[in-house]
>>> print(open('input01.cif').read())   # mmCIF, C-alpha atoms and all ligand atoms
data_model
loop_
_atom_site.label_atom_id
_atom_site.label_comp_id
_atom_site.auth_asym_id
_atom_site.auth_seq_id
_atom_site.Cartn_x
_atom_site.Cartn_y
_atom_site.Cartn_z
CA MET A 136 -114.36 -38.57 47.60
CA ILE A 137 -114.09 -36.46 44.45
CA ASN A 138 -110.85 -36.57 42.46
CA ILE A 139 -109.85 -33.32 40.80
CA LEU A 140 -107.22 -33.50 38.09
CA ILE A 141 -105.14 -30.30 37.96
CA LEU A 142 -103.42 -29.42 34.68
CA PRO A 143 -101.65 -26.03 35.03
CA GLY A 144 -100.32 -26.04 31.43
CA ASP A 145 -98.13 -23.23 30.08
CA GLY A 146 -97.57 -19.46 30.21
CA ILE A 147 -99.55 -17.87 33.03
CA GLY A 148 -101.19 -21.29 33.65
CA PRO A 149 -99.01 -22.27 36.65
CA GLU A 150 -99.44 -18.85 38.36
CA ILE A 151 -103.21 -18.80 38.13
CA THR A 152 -103.47 -22.50 38.99
CA LYS A 153 -101.49 -21.79 42.16
CA GLN A 154 -104.36 -19.54 43.30
CA VAL A 155 -106.87 -22.25 42.44
CA ILE A 156 -104.97 -24.80 44.53
CA LYS A 157 -104.80 -22.34 47.44
CA ILE A 158 -108.58 -21.90 47.31
CA ILE A 159 -109.34 -25.63 46.96
CA LYS A 160 -107.11 -26.34 49.97
CA SER A 161 -109.12 -23.81 51.99
CA CYS A 162 -112.33 -25.45 50.78
CA ILE A 163 -110.94 -28.77 52.06
CA PHE A 164 -110.28 -27.05 55.39
CA LEU A 165 -113.91 -25.89 55.34
CA GLY A 166 -115.11 -29.46 54.84
CA LEU A 167 -114.95 -30.17 51.10
CA LYS A 168 -114.13 -33.80 50.37
CA CYS A 169 -111.73 -34.02 47.46
CA LYS A 170 -108.30 -35.15 46.36
CA LEU A 171 -105.97 -33.30 43.99
CA ILE A 172 -104.03 -35.10 41.26
CA TYR A 173 -101.50 -33.24 39.11
CA ASN A 174 -100.37 -33.77 35.52
CA TYR A 175 -99.04 -32.06 32.40
CA ILE A 176 -100.62 -30.86 29.17
CA GLY A 177 -99.52 -28.63 26.27
CA GLY A 178 -96.00 -27.26 25.93
CA ILE A 179 -94.82 -28.56 29.28
CA SER A 180 -95.94 -32.05 28.23
CA ILE A 181 -94.03 -31.67 24.94
CA GLU A 182 -90.94 -30.81 27.01
CA LYS A 183 -91.36 -33.75 29.34
CA PHE A 184 -92.78 -36.47 27.10
CA ASN A 185 -92.38 -35.14 23.55
CA ILE A 186 -96.14 -35.10 23.04
CA PRO A 187 -98.76 -32.41 23.92
CA ILE A 188 -100.97 -34.95 25.70
CA SER A 189 -99.84 -38.38 26.85
CA ASP A 190 -101.87 -41.61 26.70
CA LYS A 191 -101.28 -41.91 30.42
CA LEU A 192 -102.98 -38.56 31.01
CA LEU A 193 -105.96 -39.59 28.86
CA LYS A 194 -106.27 -42.75 30.97
CA ILE A 195 -106.12 -40.73 34.21
CA CYS A 196 -108.91 -38.51 32.86
CA ASN A 197 -111.15 -41.56 32.76
CA TYR A 198 -111.05 -42.17 36.48
CA VAL A 199 -111.13 -38.62 37.83
CA ASP A 200 -114.41 -36.82 38.51
CA THR A 201 -113.48 -33.41 37.22
CA ILE A 202 -110.59 -31.49 35.65
CA PHE A 203 -109.18 -28.00 36.09
CA LEU A 204 -107.00 -26.80 33.22
CA GLY A 205 -104.97 -23.54 33.24
CA CYS A 206 -104.02 -22.74 29.65
CA VAL A 207 -101.63 -23.95 26.95
CA GLY A 208 -99.29 -22.47 24.35
CA GLY A 209 -96.39 -20.04 24.09
CA TYR A 210 -93.61 -18.58 21.94
CA LYS A 211 -91.26 -21.45 22.77
CA TRP A 212 -93.22 -23.88 20.62
CA LYS A 213 -93.92 -21.53 17.71
CA ASN A 214 -91.58 -23.30 15.34
CA CYS A 215 -92.05 -26.72 16.87
CA TYR A 216 -94.05 -29.13 14.75
CA LEU A 217 -95.79 -30.40 17.88
CA LYS A 218 -98.24 -27.73 19.03
CA PRO A 219 -99.26 -27.26 22.69
CA GLU A 220 -102.80 -26.36 21.49
CA GLU A 221 -103.11 -29.91 20.12
CA GLY A 222 -103.11 -31.12 23.73
CA LEU A 223 -106.12 -28.96 24.55
CA LEU A 224 -107.97 -29.87 21.35
CA ASP A 225 -107.23 -33.57 21.98
CA ILE A 226 -108.46 -33.61 25.56
CA ARG A 227 -111.69 -31.94 24.36
CA LYS A 228 -112.16 -34.28 21.41
CA LYS A 229 -111.04 -37.58 22.95
CA LEU A 230 -113.12 -37.10 26.09
CA ASN A 231 -116.07 -35.88 24.02
CA PHE A 232 -116.46 -32.47 25.68
CA PHE A 233 -119.01 -31.41 23.09
CA LEU A 234 -120.27 -28.33 24.91
CA ASN A 235 -118.43 -25.41 26.45
CA ILE A 236 -120.41 -22.94 28.56
CA ARG A 237 -118.90 -19.49 29.03
CA PRO A 238 -120.87 -17.33 31.46
CA ILE A 239 -120.60 -13.59 30.81
CA LYS A 240 -121.46 -12.25 34.20
CA CYS A 241 -120.70 -9.11 36.14
CA PRO A 242 -122.70 -8.44 39.30
CA TYR A 243 -122.03 -4.71 39.53
CA LYS A 244 -122.97 -4.11 35.89
CA ASN A 245 -126.03 -6.36 35.86
CA ILE A 246 -124.64 -8.49 33.04
CA ASP A 247 -125.64 -12.14 33.04
CA PHE A 248 -125.85 -14.37 29.97
CA LEU A 249 -124.33 -17.66 28.84
CA ILE A 250 -122.49 -18.48 25.62
CA LEU A 251 -122.91 -22.15 24.71
CA ARG A 252 -120.10 -23.00 22.32
CA GLU A 253 -120.02 -26.26 20.34
CA LEU A 254 -116.57 -27.60 21.19
CA ILE A 255 -115.58 -30.71 19.22
CA GLY A 256 -116.83 -30.09 15.70
CA GLY A 257 -117.00 -27.40 13.04
CA ILE A 258 -113.99 -25.89 11.35
CA TYR A 259 -111.70 -26.80 14.29
CA PHE A 260 -111.94 -30.51 13.55
CA SER A 261 -113.58 -31.17 10.17
CA LYS A 262 -111.82 -32.87 7.29
CA PRO A 263 -110.54 -32.37 4.66
CA LYS A 264 -107.95 -29.95 5.90
CA GLY A 265 -104.33 -29.44 5.07
CA LEU A 266 -101.47 -27.71 3.36
CA SER A 267 -100.39 -28.49 -0.17
CA LYS A 268 -98.57 -27.13 -3.22
CA GLN A 269 -99.99 -26.37 -6.62
CA ILE A 270 -98.94 -24.51 -9.75
CA ILE A 271 -100.92 -21.27 -9.84
CA ASN A 272 -100.17 -18.78 -12.68
CA SER A 273 -97.12 -20.97 -13.54
CA ILE A 274 -95.72 -20.47 -10.03
CA PRO A 275 -95.45 -23.34 -7.50
CA THR A 276 -97.64 -22.01 -4.68
CA TRP A 277 -98.50 -23.23 -1.21
CA TYR A 278 -102.20 -23.34 -0.39
CA SER A 279 -104.09 -24.55 2.63
CA TYR A 280 -107.67 -25.31 3.49
CA ASN A 281 -110.05 -26.14 6.31
CA THR A 282 -113.64 -27.23 6.07
CA GLU A 283 -116.59 -26.86 8.37
CA VAL A 284 -118.94 -29.80 8.82
CA TYR A 285 -121.90 -30.01 11.19
CA ASN A 286 -124.46 -32.80 11.23
CA GLU A 287 -128.00 -32.58 12.60
CA GLN A 288 -127.19 -34.61 15.72
CA GLU A 289 -124.37 -32.28 16.75
CA ILE A 290 -126.67 -29.27 16.40
CA ILE A 291 -129.62 -30.95 18.14
CA ARG A 292 -127.67 -31.80 21.31
CA ILE A 293 -126.47 -28.21 21.72
CA ALA A 294 -129.90 -26.77 20.92
CA ARG A 295 -131.68 -29.04 23.43
CA ILE A 296 -129.30 -28.16 26.25
CA GLY A 297 -129.67 -24.49 25.30
CA PHE A 298 -133.48 -24.58 25.34
CA ASN A 299 -133.52 -26.54 28.62
CA LEU A 300 -131.21 -24.02 30.24
CA ALA A 301 -133.31 -21.14 28.89
CA LYS A 302 -136.36 -22.69 30.59
CA THR A 303 -134.63 -22.37 33.95
CA ARG A 304 -133.60 -18.76 33.27
CA LYS A 305 -135.16 -15.93 31.24
CA GLN A 306 -136.78 -18.16 28.56
CA LYS A 307 -134.73 -16.58 25.80
CA LEU A 308 -132.39 -18.26 23.36
CA CYS A 309 -130.42 -16.59 20.60
CA SER A 310 -128.70 -18.72 17.97
CA ILE A 311 -125.78 -17.07 16.19
CA ASP A 312 -124.69 -18.14 12.71
CA LYS A 313 -123.73 -16.91 9.25
CA SER A 314 -126.61 -18.48 7.35
CA ASN A 315 -126.64 -15.74 4.72
CA VAL A 316 -123.41 -17.30 3.44
CA LEU A 317 -122.45 -20.67 4.98
CA ASP A 318 -124.23 -23.97 4.28
CA THR A 319 -123.35 -25.29 7.75
CA SER A 320 -125.06 -22.21 9.22
CA LYS A 321 -128.15 -22.78 7.04
CA LEU A 322 -128.48 -26.30 8.47
CA TRP A 323 -127.72 -24.97 11.98
CA ARG A 324 -130.55 -22.42 11.77
CA LYS A 325 -133.00 -24.94 10.28
CA VAL A 326 -132.32 -27.52 13.00
CA VAL A 327 -132.50 -24.99 15.86
CA THR A 328 -135.80 -23.66 14.46
CA TYR A 329 -137.16 -27.22 14.30
CA ILE A 330 -136.10 -28.11 17.88
CA HIS A 331 -137.75 -24.88 19.07
CA LYS A 332 -141.14 -26.50 18.30
CA PHE A 333 -140.62 -28.62 21.44
CA TYR A 334 -139.85 -25.57 23.57
CA ASN A 335 -142.69 -23.17 22.82
CA GLU A 336 -142.27 -21.32 26.09
CA VAL A 337 -138.77 -20.17 25.09
CA LYS A 338 -138.43 -17.14 22.80
CA LEU A 339 -136.04 -17.95 19.95
CA SER A 340 -134.10 -15.40 17.94
CA HIS A 341 -131.36 -15.71 15.33
CA LEU A 342 -128.52 -13.30 14.60
CA TYR A 343 -125.76 -13.24 12.02
CA ILE A 344 -122.35 -13.35 13.68
CA ASP A 345 -121.20 -9.99 12.28
CA PHE A 346 -124.19 -8.03 13.58
CA ALA A 347 -124.20 -10.07 16.81
CA THR A 348 -120.84 -8.56 17.79
CA ILE A 349 -122.52 -5.13 17.93
CA GLU A 350 -125.80 -6.23 19.56
CA LEU A 351 -123.94 -8.11 22.30
CA ILE A 352 -122.11 -4.99 23.39
CA LYS A 353 -124.93 -2.47 22.90
CA LYS A 354 -127.91 -4.52 24.10
CA TYR A 355 -126.41 -7.20 26.33
CA ASN A 356 -129.51 -7.14 28.50
CA ASN A 357 -131.52 -8.66 25.66
CA PHE A 358 -129.50 -11.88 25.86
CA ASP A 359 -129.83 -14.91 28.09
CA ILE A 360 -128.71 -18.12 26.37
CA ILE A 361 -126.60 -17.97 23.22
CA ILE A 362 -125.83 -21.06 21.17
CA THR A 363 -123.22 -21.04 18.45
CA SER A 364 -120.57 -23.02 16.59
CA ASN A 365 -117.04 -23.76 17.75
CA LEU A 366 -115.27 -20.93 15.90
CA PHE A 367 -117.96 -18.29 16.45
CA GLY A 368 -118.12 -19.20 20.15
CA ASP A 369 -114.36 -18.85 20.47
CA ILE A 370 -114.40 -15.37 18.97
CA LEU A 371 -117.60 -14.15 20.62
CA SER A 372 -116.51 -15.11 24.13
CA ASP A 373 -113.29 -13.10 23.85
CA HIS A 374 -115.31 -10.25 22.38
CA CYS A 375 -117.80 -10.31 25.27
CA SER A 376 -114.99 -9.91 27.78
CA LEU A 377 -115.19 -6.25 26.73
CA LEU A 378 -118.39 -6.19 28.78
CA THR A 379 -116.98 -7.68 31.96
CA GLY A 380 -113.82 -5.60 31.68
CA SER A 381 -111.02 -8.04 31.05
CA LEU A 382 -110.46 -11.32 29.23
CA GLY A 383 -108.90 -12.52 32.46
CA THR A 384 -112.26 -12.64 34.19
CA LEU A 385 -114.10 -15.27 32.15
CA PRO A 386 -114.51 -18.84 33.43
CA SER A 387 -115.79 -21.84 31.47
CA ILE A 388 -117.13 -25.34 31.92
CA SER A 389 -117.05 -28.11 29.35
CA ILE A 390 -119.25 -31.18 29.62
CA ASN A 391 -119.46 -34.59 27.97
CA ASN A 392 -122.13 -37.26 28.01
CA LYS A 393 -120.55 -39.13 30.93
CA SER A 394 -120.89 -36.35 33.49
CA LEU A 395 -117.16 -35.62 33.38
CA SER A 396 -116.51 -31.90 33.40
CA LEU A 397 -113.56 -29.71 32.55
CA PHE A 398 -113.14 -26.23 33.99
CA GLU A 399 -110.83 -23.69 32.42
CA PRO A 400 -110.58 -19.92 32.15
CA ALA A 401 -111.59 -18.68 28.69
CA HIS A 402 -108.31 -16.82 28.16
CA GLY A 403 -105.08 -18.01 26.58
CA SER A 404 -101.62 -18.55 28.06
CA ALA A 405 -100.49 -14.87 27.73
CA PRO A 406 -96.79 -15.75 27.26
CA ASP A 407 -95.86 -12.02 27.24
CA ILE A 408 -96.66 -11.74 30.95
CA ALA A 409 -95.90 -15.31 32.06
CA GLY A 410 -93.93 -15.57 35.29
CA LEU A 411 -94.42 -11.89 36.20
CA ASN A 412 -97.07 -12.58 38.85
CA ILE A 413 -99.40 -9.99 37.29
CA ALA A 414 -101.95 -12.24 35.53
CA ASN A 415 -105.61 -12.00 36.49
CA PRO A 416 -106.69 -15.16 38.34
CA ILE A 417 -110.44 -14.31 38.31
CA GLY A 418 -111.31 -16.49 35.29
CA SER A 419 -109.74 -19.49 37.05
CA LEU A 420 -111.25 -18.71 40.45
CA LEU A 421 -114.71 -18.28 38.91
CA SER A 422 -114.19 -21.68 37.24
CA ILE A 423 -113.86 -23.10 40.77
CA VAL A 424 -117.07 -21.27 41.74
CA LEU A 425 -118.76 -23.23 38.95
CA MET A 426 -117.04 -26.48 39.97
CA LEU A 427 -118.24 -26.11 43.58
CA GLU A 428 -121.79 -25.65 42.35
CA PHE A 429 -122.04 -28.20 39.55
CA VAL A 430 -119.65 -30.98 40.62
CA PHE A 431 -119.80 -30.74 44.41
CA ASN A 432 -123.30 -29.34 44.72
CA CYS A 433 -121.92 -27.02 47.44
CA ILE A 434 -124.01 -23.95 46.68
CA LYS A 435 -123.10 -22.22 49.93
CA LEU A 436 -119.34 -22.55 49.44
CA SER A 437 -119.67 -21.65 45.76
CA ASN A 438 -121.55 -18.45 46.67
CA LYS A 439 -119.03 -17.63 49.37
CA LEU A 440 -116.14 -17.92 46.93
CA TYR A 441 -118.04 -15.84 44.36
CA TYR A 442 -118.64 -13.04 46.86
CA SER A 443 -115.07 -13.26 48.15
CA ILE A 444 -113.79 -12.57 44.64
CA TYR A 445 -116.08 -9.57 44.19
CA LYS A 446 -115.35 -8.34 47.72
CA VAL A 447 -111.66 -8.02 46.79
CA LEU A 448 -112.67 -5.97 43.74
CA SER A 449 -115.09 -3.86 45.77
CA TYR A 450 -112.17 -2.70 47.92
CA GLY A 451 -110.46 -1.57 44.72
CA PHE A 452 -107.86 -4.35 44.65
CA CYS A 453 -107.26 -5.80 41.20
CA THR A 454 -104.56 -7.02 38.85
CA ILE A 455 -103.14 -4.52 36.36
CA ASP A 456 -105.45 -5.50 33.45
CA MET A 457 -108.41 -4.11 35.42
CA LYS A 458 -106.86 -0.84 36.57
CA ASN A 459 -109.17 1.32 34.42
CA ILE A 460 -112.29 -0.68 35.18
CA ILE A 461 -112.25 -0.69 38.96
CA LYS A 462 -112.87 2.62 40.75
CA ASN A 463 -109.87 3.89 42.78
CA SER A 464 -108.00 0.77 41.81
CA LYS A 465 -105.03 -0.48 43.80
CA ILE A 466 -102.91 -2.80 41.68
CA ILE A 467 -101.89 -6.06 43.33
CA SER A 468 -100.16 -9.21 42.12
CA THR A 469 -101.70 -12.54 41.12
CA ASN A 470 -100.56 -14.06 44.40
CA GLU A 471 -101.87 -11.18 46.50
CA PHE A 472 -105.22 -11.38 44.74
CA GLY A 473 -105.44 -15.11 45.52
CA ASP A 474 -104.45 -14.44 49.14
CA LEU A 475 -107.15 -11.78 49.58
CA VAL A 476 -109.84 -14.02 48.09
CA ASN A 477 -108.65 -16.77 50.40
CA HIS A 478 -108.78 -14.40 53.36
CA PHE A 479 -112.44 -13.51 52.71
CA LEU A 480 -113.31 -17.13 52.02
CA LEU A 481 -111.98 -18.19 55.42
CA LEU A 482 -113.54 -15.26 57.26
CA ASN A 483 -116.40 -16.27 59.56
CA ASP A 484 -119.51 -14.27 58.89
C1 LIG B 1 -110.04 -21.08 23.91
C2 LIG B 1 -108.69 -21.00 23.26
C3 LIG B 1 -108.42 -22.27 22.47
C4 LIG B 1 -109.49 -22.38 21.39
C5 LIG B 1 -107.00 -22.36 21.85
C6 LIG B 1 -105.91 -22.15 22.89
C7 LIG B 1 -106.79 -23.65 21.11
O1 LIG B 1 -108.58 -19.87 22.47
O2 LIG B 1 -110.27 -22.01 24.69
O3 LIG B 1 -110.87 -20.21 23.65
O4 LIG B 1 -109.34 -21.83 20.29
O5 LIG B 1 -110.49 -23.04 21.65
MN MN B 2 -110.31 -18.52 22.57
#
>>> encode(input="input01.cif", output="structure tokens")
Amino acid sequence: MINILILPGDGIGPEITKQVIKIIKSCIFLGLKCKLIYNYIGGISIEKFNIPISDKLLKICNYVDTIFLGCVGGYKWKNCYLKPEEGLLDIRKKLNFFLNIRPIKCPYKNIDFLILRELIGGIYFSKPKGLSKQIINSIPTWYSYNTEVYNEQEIIRIARIGFNLAKTRKQKLCSIDKSNVLDTSKLWRKVVTYIHKFYNEVKLSHLYIDFATIELIKKYNNFDIIITSNLFGDILSDHCSLLTGSLGTLPSISINNKSLSLFEPAHGSAPDIAGLNIANPIGSLLSIVLMLEFVFNCIKLSNKLYYSIYKVLSYGFCTIDMKNIIKNSKIISTNEFGDLVNHFLLLND
């Protein structure tokens, strides 16, 4: 029996998670063996327990097999000194989810590459960091700072997974950095180039992050596996959603060294549309496609869910964010989208 921990989070999180639960329940009906456990993270956890992630939740994470997380954050906590995002960063860091894979895939546009984002290091977590006051030009002035640190081991583990994945795909790996300026990027490029010696069959290329933003849009077919740092991966994955049509369509999987996995859509909590039943649930549903394949090893069910999602789109049904991307689009709600996917999933064919 596989235990799935469900953390809907904030903003549009509960609405999209509702679709995920609907689909998992149908999968159970179709024979999947799993149990759902629910808990709180982010702003909702601040409201309930005064902390963005509770010790109890961290303990629960240690006995479940996999986690689905909606999204965290919102206007409500803007001036609160406890930040919902801390809950997400903590679950990643404390459970050692060092790698986040964000597939950029669109079957009808022939787009298919993976962004491998380092997830628990770099400028997101390095010290020193802070906010302080200093006299500058005789004026007391606030200043703040973050630092980026990467060590060889952190780069090696990402590079090795990247090269191994490339071997199973198109034998191409592109490492993205800013080594014309940053010392961390210089080390990153040196280490990746060194590890490449053990993977001769894979073609390695390097790009600077600024130019990569253009190449990824213009020549996306040249890419297969991309490896990059935490911050660059965060920005690039949002950027690449321009290719698939909407930020709402991107799934992700995070892994640690204990075979625990965390699935979450790549988008944020979109507080401006929260509760309106118009959010795109595709990023979340595709995260379940990945979960079915990599946690449950149910390739058939995973494929069926994948094609059910694209079948809905092929009939022109989509949420409002995709209205200009889908031909002859008919706008439907989050719930209706989930229902249609569910309908196709349960259809005998
Ligand atoms: C993401 C998000 C998070 C990040 C935020 C919500 C902390 O943007 O998963 O891409 O920056 O990693
Ligand atoms: Mn992001």
>>> residues_near_ligand(input="input01.cif", ligand="ligand MN 2 (chain B)", cutoff="10 Å", atoms="all atoms listed in the file", output="PDB file with C-alpha atoms, keeping the file's coordinate frame")
ATOM      1  CA  ASN A 365    -117.040 -23.760  17.750  1.00  0.00           C
ATOM      2  CA  LEU A 366    -115.270 -20.930  15.900  1.00  0.00           C
ATOM      3  CA  PHE A 367    -117.960 -18.290  16.450  1.00  0.00           C
ATOM      4  CA  GLY A 368    -118.120 -19.200  20.150  1.00  0.00           C
ATOM      5  CA  ASP A 369    -114.360 -18.850  20.470  1.00  0.00           C
ATOM      6  CA  ILE A 370    -114.400 -15.370  18.970  1.00  0.00           C
ATOM      7  CA  LEU A 371    -117.600 -14.150  20.620  1.00  0.00           C
ATOM      8  CA  SER A 372    -116.510 -15.110  24.130  1.00  0.00           C
ATOM      9  CA  ASP A 373    -113.290 -13.100  23.850  1.00  0.00           C
ATOM     10  CA  HIS A 374    -115.310 -10.250  22.380  1.00  0.00           C
ATOM     11  CA  LEU A 382    -110.460 -11.320  29.230  1.00  0.00           C
ATOM     12  CA  PRO A 400    -110.580 -19.920  32.150  1.00  0.00           C
ATOM     13  CA  ALA A 401    -111.590 -18.680  28.690  1.00  0.00           C
ATOM     14  CA  HIS A 402    -108.310 -16.820  28.160  1.00  0.00           C
ATOM     15  CA  GLY A 403    -105.080 -18.010  26.580  1.00  0.00           C
TER      16      GLY A 403
END
>>> atom_distance(input="input01.cif", atom1="CA of Asp359 in chain A", atom2="CA of Ile250 in chain A")
8.5 Å
>>> closest_atom_pairs(input="input01.cif", of="range 140-253 of chain A", to="range 276-293 of chain A", cutoff="9 Å", atoms="only C-alpha atoms", output="Markdown table")
| residue | atom | partner | partner_atom | distance |
| --- | --- | --- | --- | --- |
| A:Phe233 | CA | A:Ile293 | CA | 8.2 |
| A:Leu234 | CA | A:Ile293 | CA | 7.0 |
| A:Leu251 | CA | A:Ile293 | CA | 7.6 |
| A:Arg252 | CA | A:Ile293 | CA | 8.3 |
| A:Glu253 | CA | A:Ile293 | CA | 6.9 |
>>> closest_residue(input="input01.cif", among="A:Gly297, A:Gly265, A:Pro149, A:Gly380", to="Leu339 in chain A", atoms="only C-alpha atoms")
A:Gly297
>>> closest_residue(input="input01.cif", among="A:Gly410, A:Pro242, A:Gly208, A:Pro386", to="ligand LIG 1 (chain B)", atoms="all atoms listed in the file")
A:Gly208
>>> axis_aligned_box(input="input01.cif", around="range 449-453 of chain A", padding_each_side="3 Å", output="AutoDock Vina command-line options")
--center_x -111.2 --center_y -3.7 --center_z 44.6 --size_x 13.8 --size_y 10.2 --size_z 12.7
>>> closest_residue(input="input01.cif", among="A:Asn415, A:Ser404, A:Asn197, A:Asn299", to="ligand LIG 1 (chain B)", atoms="all atoms listed in the file")
A:Ser404
>>> residues_around(input="input01.cif", residues="Ile179 in chain A", least_positions_apart="4", cutoff="9 Å", atoms="all atoms listed in the file", output="list in words")
Gly144, Asp145, Tyr175, Lys183, Phe184, Pro187, Val207 and Pro219 of chain A
>>> residues_around(input="input01.cif", residues="Leu397 in chain A", least_positions_apart="5", cutoff="12 Å", atoms="only C-alpha atoms", output="PyMOL selection string")
chain A and resi 139-142+196+199-205+223+226-227+230-236+254+386-391+419+422-423+425-426+429-430
>>> closest_residue(input="input01.cif", among="A:Asn432, A:Asn459, A:Ser449, A:Asn412", to="Glu150 in chain A", atoms="all atoms listed in the file")
A:Asn412
>>> atom_distance(input="input01.cif", atom1="CA of Lys211 in chain A", atom2="CA of Gly146 in chain A")
10.0 Å
>>> closest_residue(input="input01.cif", among="A:Ile158, A:Leu411, A:Leu308, A:Val337", to="Phe358 in chain A", atoms="only C-alpha atoms")
A:Leu308
>>> decode(input="input01.cif", residues="range 165-186 of chain A", atoms="N, CA and C atoms", output="PDB file, in the first residue's frame")
ATOM      1  N   LEU A 165      -9.894   2.000 -10.405  1.00  0.00           N
ATOM      2  CA  LEU A 165      -9.331   1.196 -11.502  1.00  0.00           C
ATOM      3  C   LEU A 165      -8.264   0.210 -11.012  1.00  0.00           C
ATOM      4  N   GLY A 166      -8.058   0.161  -9.690  1.00  0.00           N
ATOM      5  CA  GLY A 166      -7.159  -0.868  -9.157  1.00  0.00           C
ATOM      6  C   GLY A 166      -5.910  -0.374  -8.462  1.00  0.00           C
ATOM      7  N   LEU A 167      -5.669   0.935  -8.459  1.00  0.00           N
ATOM      8  CA  LEU A 167      -4.462   1.467  -7.809  1.00  0.00           C
ATOM      9  C   LEU A 167      -4.549   1.272  -6.299  1.00  0.00           C
ATOM     10  N   LYS A 168      -3.438   0.812  -5.710  1.00  0.00           N
ATOM     11  CA  LYS A 168      -3.449   0.575  -4.263  1.00  0.00           C
ATOM     12  C   LYS A 168      -2.768   1.741  -3.560  1.00  0.00           C
ATOM     13  N   CYS A 169      -3.560   2.626  -2.978  1.00  0.00           N
ATOM     14  CA  CYS A 169      -2.950   3.724  -2.238  1.00  0.00           C
ATOM     15  C   CYS A 169      -3.906   4.314  -1.219  1.00  0.00           C
ATOM     16  N   LYS A 170      -3.325   5.051  -0.287  1.00  0.00           N
ATOM     17  CA  LYS A 170      -4.116   5.689   0.759  1.00  0.00           C
ATOM     18  C   LYS A 170      -3.770   7.180   0.778  1.00  0.00           C
ATOM     19  N   LEU A 171      -4.792   8.019   0.944  1.00  0.00           N
ATOM     20  CA  LEU A 171      -4.535   9.465   0.963  1.00  0.00           C
ATOM     21  C   LEU A 171      -4.507   9.986   2.391  1.00  0.00           C
ATOM     22  N   ILE A 172      -3.508  10.814   2.682  1.00  0.00           N
ATOM     23  CA  ILE A 172      -3.401  11.457   3.992  1.00  0.00           C
ATOM     24  C   ILE A 172      -3.343  12.961   3.719  1.00  0.00           C
ATOM     25  N   TYR A 173      -4.044  13.747   4.526  1.00  0.00           N
ATOM     26  CA  TYR A 173      -4.112  15.186   4.252  1.00  0.00           C
ATOM     27  C   TYR A 173      -3.419  15.992   5.343  1.00  0.00           C
ATOM     28  N   ASN A 174      -2.787  17.103   4.953  1.00  0.00           N
ATOM     29  CA  ASN A 174      -2.209  18.001   5.957  1.00  0.00           C
ATOM     30  C   ASN A 174      -2.069  19.419   5.406  1.00  0.00           C
ATOM     31  N   TYR A 175      -1.461  20.292   6.200  1.00  0.00           N
ATOM     32  CA  TYR A 175      -1.411  21.720   5.860  1.00  0.00           C
ATOM     33  C   TYR A 175       0.020  22.213   5.726  1.00  0.00           C
ATOM     34  N   ILE A 176       0.218  23.105   4.736  1.00  0.00           N
ATOM     35  CA  ILE A 176       1.523  23.753   4.594  1.00  0.00           C
ATOM     36  C   ILE A 176       1.308  25.176   4.094  1.00  0.00           C
ATOM     37  N   GLY A 177       2.246  26.076   4.406  1.00  0.00           N
ATOM     38  CA  GLY A 177       2.166  27.453   3.908  1.00  0.00           C
ATOM     39  C   GLY A 177       1.270  28.329   4.755  1.00  0.00           C
ATOM     40  N   GLY A 178       0.537  29.219   4.083  1.00  0.00           N
ATOM     41  CA  GLY A 178      -0.307  30.188   4.784  1.00  0.00           C
ATOM     42  C   GLY A 178      -1.367  29.536   5.646  1.00  0.00           C
ATOM     43  N   ILE A 179      -1.984  28.498   5.144  1.00  0.00           N
ATOM     44  CA  ILE A 179      -3.041  27.807   5.883  1.00  0.00           C
ATOM     45  C   ILE A 179      -2.473  27.195   7.171  1.00  0.00           C
ATOM     46  N   SER A 180      -1.226  26.770   7.116  1.00  0.00           N
ATOM     47  CA  SER A 180      -0.571  26.223   8.305  1.00  0.00           C
ATOM     48  C   SER A 180      -0.242  27.343   9.296  1.00  0.00           C
ATOM     49  N   ILE A 181       0.117  28.520   8.769  1.00  0.00           N
ATOM     50  CA  ILE A 181       0.354  29.683   9.646  1.00  0.00           C
ATOM     51  C   ILE A 181      -0.945  29.997  10.391  1.00  0.00           C
ATOM     52  N   GLU A 182      -2.081  29.966   9.641  1.00  0.00           N
ATOM     53  CA  GLU A 182      -3.370  30.264  10.263  1.00  0.00           C
ATOM     54  C   GLU A 182      -3.733  29.252  11.333  1.00  0.00           C
ATOM     55  N   LYS A 183      -3.447  27.999  11.072  1.00  0.00           N
ATOM     56  CA  LYS A 183      -3.861  26.953  12.011  1.00  0.00           C
ATOM     57  C   LYS A 183      -2.884  26.762  13.159  1.00  0.00           C
ATOM     58  N   PHE A 184      -1.587  26.777  12.833  1.00  0.00           N
ATOM     59  CA  PHE A 184      -0.588  26.416  13.855  1.00  0.00           C
ATOM     60  C   PHE A 184       0.448  27.511  14.123  1.00  0.00           C
ATOM     61  N   ASN A 185       0.283  28.679  13.443  1.00  0.00           N
ATOM     62  CA  ASN A 185       1.228  29.761  13.634  1.00  0.00           C
ATOM     63  C   ASN A 185       2.635  29.457  13.133  1.00  0.00           C
ATOM     64  N   ILE A 186       2.738  28.584  12.180  1.00  0.00           N
ATOM     65  CA  ILE A 186       4.046  28.205  11.627  1.00  0.00           C
ATOM     66  C   ILE A 186       3.816  27.643  10.210  1.00  0.00           C
TER      67      ILE A 186
END
